[in-house]
file work.csv (CSV, C-alpha atoms)
chain,number,residue,atom,x,y,z
A,1262,MET,CA,-3.4,10.1,-15.1
A,1263,ASP,CA,-0.9,9.4,-12.4
A,1264,THR,CA,2.3,11.4,-13.0
A,1265,THR,CA,3.8,10.7,-9.5
A,1266,PHE,CA,6.9,8.8,-10.8
A,1267,ASN,CA,7.4,10.5,-14.2
A,1268,HIS,CA,10.7,11.8,-12.9
A,1269,ILE,CA,12.4,8.4,-12.9
A,1270,PRO,CA,14.7,8.1,-16.0
A,1271,ARG,CA,14.3,5.0,-18.2
A,1272,SER,CA,17.9,4.1,-17.4
A,1273,LYS,CA,17.1,3.8,-13.7
A,1274,ILE,CA,13.9,1.8,-13.9
A,1275,ALA,CA,15.7,-1.5,-14.3
A,1276,LYS,CA,17.8,-0.7,-11.2
A,1277,LEU,CA,14.8,-0.1,-8.9
A,1278,ARG,CA,14.9,-2.3,-5.8
A,1279,ALA,CA,12.1,-4.7,-5.1
A,1280,GLY,CA,8.7,-3.1,-4.7
A,1281,ASP,CA,7.1,-2.4,-1.4
A,1282,VAL,CA,3.5,-1.3,-1.6
A,1283,TYR,CA,3.6,-0.1,2.0
A,1284,ASP,CA,6.4,2.4,1.2
A,1285,VAL,CA,4.7,5.6,0.1
A,1286,THR,CA,7.7,6.5,-2.1
A,1287,CYS,CA,7.6,3.2,-4.0
A,1288,PRO,CA,6.3,3.3,-7.6
A,1289,SER,CA,4.3,0.1,-6.9
A,1290,ARG,CA,1.9,2.4,-5.1
A,1291,SER,CA,0.9,4.0,-8.4
A,1292,VAL,CA,0.3,0.5,-9.9
A,1293,ILE,CA,-2.0,-0.3,-6.9
A,1294,LYS,CA,-3.8,3.0,-7.5
A,1295,MET,CA,-4.4,2.1,-11.1
A,1296,LEU,CA,-5.6,-1.4,-10.3
A,1297,ALA,CA,-8.0,-0.1,-7.7
A,1298,ASP,CA,-9.6,2.4,-10.0
A,1299,LYS,CA,-13.4,2.1,-10.2
A,1300,TRP,CA,-13.5,1.0,-13.9
A,1301,THR,CA,-10.1,-0.8,-14.4
A,1302,MET,CA,-11.3,-4.3,-13.3
A,1303,LEU,CA,-14.5,-4.2,-15.5
A,1304,VAL,CA,-12.6,-2.9,-18.5
A,1305,VAL,CA,-9.9,-5.6,-18.1
A,1306,GLU,CA,-12.5,-8.3,-17.7
A,1307,SER,CA,-14.4,-7.1,-20.8
A,1308,LEU,CA,-11.2,-7.1,-22.8
A,1309,SER,CA,-10.2,-10.6,-21.5
A,1310,SER,CA,-12.4,-12.2,-24.1
A,1311,GLY,CA,-10.7,-10.6,-27.0
A,1312,PRO,CA,-10.4,-7.3,-29.0
A,1313,ILE,CA,-13.4,-5.0,-28.8
A,1314,ARG,CA,-14.6,-1.7,-30.2
A,1315,PHE,CA,-15.3,1.3,-27.9
A,1316,GLY,CA,-19.1,1.2,-28.2
A,1317,GLU,CA,-19.3,-2.5,-27.4
A,1318,LEU,CA,-16.9,-2.1,-24.5
A,1319,ARG,CA,-19.0,0.7,-23.1
A,1320,ARG,CA,-22.2,-1.4,-23.4
A,1321,GLN,CA,-20.5,-4.3,-21.6
A,1322,VAL,CA,-19.2,-2.2,-18.8
A,1323,GLY,CA,-22.5,-0.5,-18.3
A,1324,ASP,CA,-22.9,2.8,-16.5
A,1325,VAL,CA,-19.5,4.3,-17.4
A,1326,THR,CA,-19.6,7.6,-19.2
A,1327,GLN,CA,-17.8,8.0,-22.5
A,1328,LYS,CA,-15.3,10.4,-20.9
A,1329,MET,CA,-14.5,8.0,-18.0
A,1330,LEU,CA,-14.1,5.0,-20.3
A,1331,THR,CA,-11.8,7.1,-22.6
A,1332,GLN,CA,-9.7,8.1,-19.5
A,1333,THR,CA,-9.6,4.6,-18.2
A,1334,LEU,CA,-8.5,3.2,-21.6
A,1335,ARG,CA,-5.8,5.9,-22.0
A,1336,SER,CA,-4.5,5.2,-18.5
A,1337,LEU,CA,-4.4,1.4,-19.2
A,1338,GLU,CA,-2.8,2.0,-22.5
A,1339,ARG,CA,-0.2,4.2,-20.9
A,1340,ASP,CA,0.5,1.6,-18.2
A,1341,GLY,CA,1.0,-1.1,-20.9
A,1342,LEU,CA,-2.1,-3.2,-20.2
A,1343,VAL,CA,-4.2,-2.1,-23.2
A,1344,LEU,CA,-3.4,-1.9,-26.9
A,1345,ARG,CA,-5.3,0.6,-29.1
A,1346,VAL,CA,-5.4,-0.1,-32.8
A,1347,VAL,CA,-6.8,2.4,-35.3
A,1348,TYR,CA,-7.9,0.9,-38.6
A,1349,PRO,CA,-7.9,3.2,-41.6
A,1350,SER,CA,-11.5,3.5,-42.6
A,1351,SER,CA,-14.1,6.2,-42.9
A,1352,PRO,CA,-14.9,6.9,-40.1
A,1353,PRO,CA,-11.8,5.4,-38.4
A,1354,SER,CA,-12.4,2.2,-36.6
A,1355,VAL,CA,-10.7,1.7,-33.2
A,1356,GLU,CA,-10.3,-1.6,-31.4
A,1357,TYR,CA,-8.9,-2.3,-27.9
A,1358,SER,CA,-7.3,-5.4,-26.7
A,1359,LEU,CA,-5.1,-6.5,-23.8
A,1360,THR,CA,-1.4,-6.7,-24.1
A,1361,PRO,CA,0.5,-9.6,-22.6
A,1362,LEU,CA,0.9,-7.5,-19.5
A,1363,GLY,CA,-2.8,-6.9,-19.4
A,1364,VAL,CA,-3.5,-10.6,-19.9
A,1365,SER,CA,-1.3,-11.4,-17.0
A,1366,ILE,CA,-3.7,-9.6,-14.6
A,1367,THR,CA,-6.9,-11.3,-15.8
A,1368,ALA,CA,-6.6,-14.3,-13.5
A,1369,ILE,CA,-6.7,-11.9,-10.6
A,1370,THR,CA,-9.5,-9.7,-12.0
A,1371,GLY,CA,-11.5,-12.7,-12.9
A,1372,GLN,CA,-11.2,-14.1,-9.4
A,1373,MET,CA,-12.2,-10.7,-7.9
A,1374,CYS,CA,-15.3,-10.5,-10.2
A,1375,ARG,CA,-16.3,-14.1,-9.3
A,1376,TRP,CA,-15.8,-13.3,-5.6
A,1377,ALA,CA,-18.1,-10.2,-5.9
A,1378,GLU,CA,-20.8,-12.2,-7.7
A,1379,ASP,CA,-20.5,-15.1,-5.2
A,1380,ASN,CA,-20.5,-12.9,-2.1
A,1381,MET,CA,-22.9,-10.1,-3.0
A,1382,LYS,CA,-25.7,-11.3,-0.8
A,1383,PRO,CA,-23.6,-11.6,2.4
A,1384,VAL,CA,-22.1,-8.2,1.7
A,1385,LEU,CA,-25.5,-6.7,1.3
A,1386,VAL,CA,-26.7,-8.3,4.5
A,1387,ALA,CA,-23.7,-7.0,6.4
A,1388,ARG,CA,-24.3,-3.5,5.0
A,1389,LEU,CA,-27.9,-3.6,6.2
A,1390,ASP,CA,-26.9,-4.9,9.6
A,1391,TYR,CA,-24.3,-2.2,10.0
A,1392,ASP,CA,-26.7,0.6,8.8
A,1393,THR,CA,-29.3,-0.6,11.3
A,1394,ARG,CA,-26.9,-0.8,14.1
A,1395,VAL,CA,-25.4,2.6,13.4
A,1396,ALA,CA,-28.9,4.2,13.1
A,1397,ARG,CA,-29.7,3.0,16.6
A,1398,GLU,CA,-26.6,4.5,18.2
call {"tool": "encode", "arguments": {"input": "work.csv", "output": "C-alpha coordinates"}}
result
Amino acid sequence: MDTTFNHIPRSKIAKLRAGDVYDVTCPSRSVIKMLADKWTMLVVESLSSGPIRFGELRRQVGDVTQKMLTQTLRSLERDGLVLRVVYPSSPPSVEYSLTPLGVSITAITGQMCRWAEDNMKPVLVARLDYDTRVARE
(Lines of atoms letter the chains of each structure in order from A and count residues from 1; the text may use other names and numbers.)
(Lines give C-alpha, C1' and ligand atoms only; values in the text may rest on other atoms or scores of the structure.)
Protein backbone atom coordinates (compact mmCIF):
# COMPACT_ATOMS: atom_id res chain seq x y z
CA MET A 1 0.00 0.00 0.00
CA ASP A 2 1.44 3.35 -1.05
CA THR A 3 1.65 5.75 1.89
CA THR A 4 3.80 8.36 0.15
CA PHE A 5 1.25 11.16 0.29
CA ASN A 6 -0.58 10.28 3.53
CA HIS A 7 0.77 13.49 5.07
CA ILE A 8 -1.47 15.73 2.93
CA PRO A 9 -4.39 16.95 5.09
CA ARG A 10 -7.88 16.58 3.61
CA SER A 11 -8.33 20.36 3.74
CA LYS A 12 -5.38 20.85 1.36
CA ILE A 13 -6.28 18.18 -1.20
CA ALA A 14 -8.78 20.44 -2.99
CA LYS A 15 -6.11 23.15 -3.21
CA LEU A 16 -3.50 20.96 -4.94
CA ARG A 17 -2.29 22.39 -8.23
CA ALA A 18 -2.77 20.52 -11.49
CA GLY A 19 -1.03 17.17 -11.58
CA ASP A 20 2.29 16.57 -13.28
CA VAL A 21 3.24 12.90 -13.51
CA TYR A 22 6.84 13.87 -14.33
CA ASP A 23 7.22 15.75 -11.03
CA VAL A 24 8.45 13.18 -8.49
CA THR A 25 6.79 15.14 -5.67
CA CYS A 26 3.35 15.13 -7.33
CA PRO A 27 0.71 12.78 -5.86
CA SER A 28 -0.32 11.81 -9.40
CA ARG A 29 2.80 9.60 -9.41
CA SER A 30 1.23 7.36 -6.77
CA VAL A 31 -1.89 7.06 -8.96
CA ILE A 32 0.28 6.00 -11.92
CA LYS A 33 2.02 3.47 -9.67
CA MET A 34 -1.34 2.00 -8.66
CA LEU A 35 -2.55 1.80 -12.27
CA ALA A 36 0.70 0.15 -13.39
CA ASP A 37 0.44 -2.58 -10.77
CA LYS A 38 0.61 -6.08 -12.25
CA TRP A 39 -2.94 -7.06 -11.25
CA THR A 40 -4.86 -3.76 -11.32
CA MET A 41 -5.84 -3.85 -14.98
CA LEU A 42 -7.06 -7.45 -14.88
CA VAL A 43 -9.05 -6.88 -11.69
CA VAL A 44 -10.65 -3.69 -13.03
CA GLU A 45 -11.49 -5.40 -16.33
CA SER A 46 -13.02 -8.38 -14.50
CA LEU A 47 -15.13 -6.06 -12.36
CA SER A 48 -16.23 -4.01 -15.39
CA SER A 49 -18.96 -6.56 -16.15
CA GLY A 50 -20.55 -6.14 -12.73
CA PRO A 51 -20.29 -7.19 -9.09
CA ILE A 52 -18.44 -10.42 -8.41
CA ARG A 53 -17.42 -12.55 -5.47
CA PHE A 54 -13.78 -13.11 -4.52
CA GLY A 55 -13.52 -16.72 -5.71
CA GLU A 56 -14.99 -16.00 -9.12
CA LEU A 57 -12.78 -12.92 -9.49
CA ARG A 58 -9.73 -15.03 -8.69
CA ARG A 59 -10.76 -17.63 -11.29
CA GLN A 60 -11.25 -14.93 -13.93
CA VAL A 61 -7.93 -13.21 -13.26
CA GLY A 62 -6.06 -16.50 -13.33
CA ASP A 63 -2.68 -17.04 -11.73
CA VAL A 64 -3.03 -14.48 -8.94
CA THR A 65 -2.54 -15.76 -5.40
CA GLN A 66 -5.22 -15.21 -2.78
CA LYS A 67 -2.83 -12.91 -0.90
CA MET A 68 -2.03 -10.76 -3.96
CA LEU A 69 -5.68 -10.49 -5.01
CA THR A 70 -6.62 -9.44 -1.47
CA GLN A 71 -3.85 -6.80 -1.46
CA THR A 72 -4.88 -5.53 -4.89
CA LEU A 73 -8.55 -5.28 -3.92
CA ARG A 74 -7.70 -3.48 -0.68
CA SER A 75 -5.48 -1.03 -2.56
CA LEU A 76 -8.18 -0.38 -5.17
CA GLU A 77 -10.79 0.02 -2.42
CA ARG A 78 -8.51 2.46 -0.58
CA ASP A 79 -8.00 4.45 -3.79
CA GLY A 80 -11.75 4.64 -4.37
CA LEU A 81 -11.98 2.39 -7.43
CA VAL A 82 -13.55 -0.68 -5.80
CA LEU A 83 -16.46 -1.11 -3.43
CA ARG A 84 -16.48 -4.10 -1.05
CA VAL A 85 -19.87 -5.17 0.26
CA VAL A 86 -20.23 -7.79 3.00
CA TYR A 87 -23.61 -9.52 3.15
CA PRO A 88 -24.68 -10.89 6.54
CA SER A 89 -24.86 -14.63 6.03
CA SER A 90 -23.13 -17.67 7.40
CA PRO A 91 -20.42 -17.71 6.22
CA PRO A 92 -20.34 -14.01 5.28
CA SER A 93 -20.66 -13.33 1.57
CA VAL A 94 -18.43 -10.60 0.10
CA GLU A 95 -18.95 -8.97 -3.26
CA TYR A 96 -16.73 -6.52 -5.12
CA SER A 97 -17.76 -3.93 -7.69
CA LEU A 98 -16.39 -0.82 -9.32
CA THR A 99 -17.24 2.60 -7.95
CA PRO A 100 -18.04 5.42 -10.41
CA LEU A 101 -14.33 6.34 -10.23
CA GLY A 102 -13.43 2.74 -11.05
CA VAL A 103 -15.88 2.66 -13.96
CA SER A 104 -14.25 5.82 -15.32
CA ILE A 105 -10.97 3.95 -15.92
CA THR A 106 -12.53 0.97 -17.74
CA ALA A 107 -12.41 2.59 -21.18
CA ILE A 108 -8.64 2.84 -20.84
CA THR A 109 -8.10 -0.60 -19.29
CA GLY A 110 -10.34 -2.15 -21.94
CA GLN A 111 -8.32 -0.52 -24.71
CA MET A 112 -5.07 -1.69 -23.17
CA CYS A 113 -6.33 -5.27 -22.86
CA ARG A 114 -7.54 -5.25 -26.48
CA TRP A 115 -4.19 -3.78 -27.60
CA ALA A 116 -2.35 -6.59 -25.78
CA GLU A 117 -4.58 -9.22 -27.37
CA ASP A 118 -4.27 -7.66 -30.85
CA ASN A 119 -0.50 -7.17 -30.66
CA MET A 120 0.72 -10.21 -28.75
CA LYS A 121 2.18 -11.85 -31.88
CA PRO A 122 4.30 -8.87 -33.02
CA VAL A 123 5.50 -8.37 -29.44
CA LEU A 124 6.51 -12.03 -29.15
CA VAL A 125 8.33 -11.83 -32.50
CA ALA A 126 10.13 -8.66 -31.36
CA ARG A 127 11.20 -10.41 -28.15
CA LEU A 128 12.56 -13.39 -30.06
CA ASP A 129 14.40 -11.12 -32.50
CA TYR A 130 15.90 -9.14 -29.63
CA ASP A 131 16.93 -12.25 -27.67
CA THR A 132 18.55 -13.74 -30.79
CA ARG A 133 20.40 -10.51 -31.55
CA VAL A 134 21.62 -10.09 -27.96
CA ALA A 135 22.73 -13.73 -27.76
CA ARG A 136 24.98 -13.19 -30.80
CA GLU A 137 26.71 -10.14 -29.32
call {"tool": "atom_distance", "arguments": {"input": "work.csv", "atom1": "CA of Arg1314 (chain A)", "atom2": "CA of Val1364 (chain A)"}}
result
17.6 Å
call {"tool": "atom_distance", "arguments": {"input": "work.csv", "atom1": "CA of Thr1367 (chain A)", "atom2": "CA of Lys1294 (chain A)"}}
result
16.8 Å
call {"tool": "closest_residue", "arguments": {"input": "work.csv", "among": "A:Ser1309, A:Val1384, A:Lys1328, A:Arg1397", "to": "Pro1361 (chain A)", "atoms": "all atoms listed in the file"}}
result
A:Ser1309
call {"tool": "atom_distance", "arguments": {"input": "work.csv", "atom1": "CA of Tyr1348 (chain A)", "atom2": "CA of Phe1315 (chain A)"}}
result
13.0 Å
call {"tool": "closest_residue", "arguments": {"input": "work.csv", "among": "A:Ser1289, A:Leu1308, A:Met1381, A:Leu1330", "to": "Thr1360 (chain A)", "atoms": "all atoms listed in the file"}}
result
A:Leu1308
call {"tool": "closest_residue", "arguments": {"input": "work.csv", "among": "A:Arg1290, A:Pro1312, A:Ile1366, A:Asp1379", "to": "Gly1341 (chain A)", "atoms": "only C-alpha atoms"}}
result
A:Ile1366
call {"tool": "residues_around", "arguments": {"input": "work.csv", "residues": "Asp1298 (chain A)", "least_positions_apart": "2", "cutoff": "12 Å", "atoms": "only C-alpha atoms", "output": "list of chain:residue names"}}
result
A:Met1262, A:Asp1263, A:Ser1291, A:Val1292, A:Ile1293, A:Lys1294, A:Met1295, A:Leu1296, A:Trp1300, A:Thr1301, A:Met1302, A:Leu1303, A:Val1304, A:Val1305, A:Met1329, A:Leu1330, A:Gln1332, A:Thr1333, A:Leu1334, A:Ser1336, A:Leu1337
call {"tool": "residues_around", "arguments": {"input": "work.csv", "residues": "Ser1354 (chain A)", "least_positions_apart": "3", "cutoff": "12 Å", "atoms": "only C-alpha atoms", "output": "PyMOL selection string"}}
result
chain A and resi 1313-1316+1345-1351+1357
call {"tool": "closest_residue", "arguments": {"input": "work.csv", "among": "A:Leu1389, A:Asp1340, A:Lys1382, A:Ser1307", "to": "Thr1370 (chain A)", "atoms": "only C-alpha atoms"}}
result
A:Ser1307
call {"tool": "closest_residue", "arguments": {"input": "work.csv", "among": "A:Asp1281, A:Glu1398, A:Glu1306, A:Asp1390", "to": "Ile1369 (chain A)", "atoms": "only C-alpha atoms"}}
result
A:Glu1306
call {"tool": "closest_residue", "arguments": {"input": "work.csv", "among": "A:Pro1383, A:Gly1323, A:Gly1280, A:Gly1311", "to": "Val1343 (chain A)", "atoms": "only C-alpha atoms"}}
result
A:Gly1311
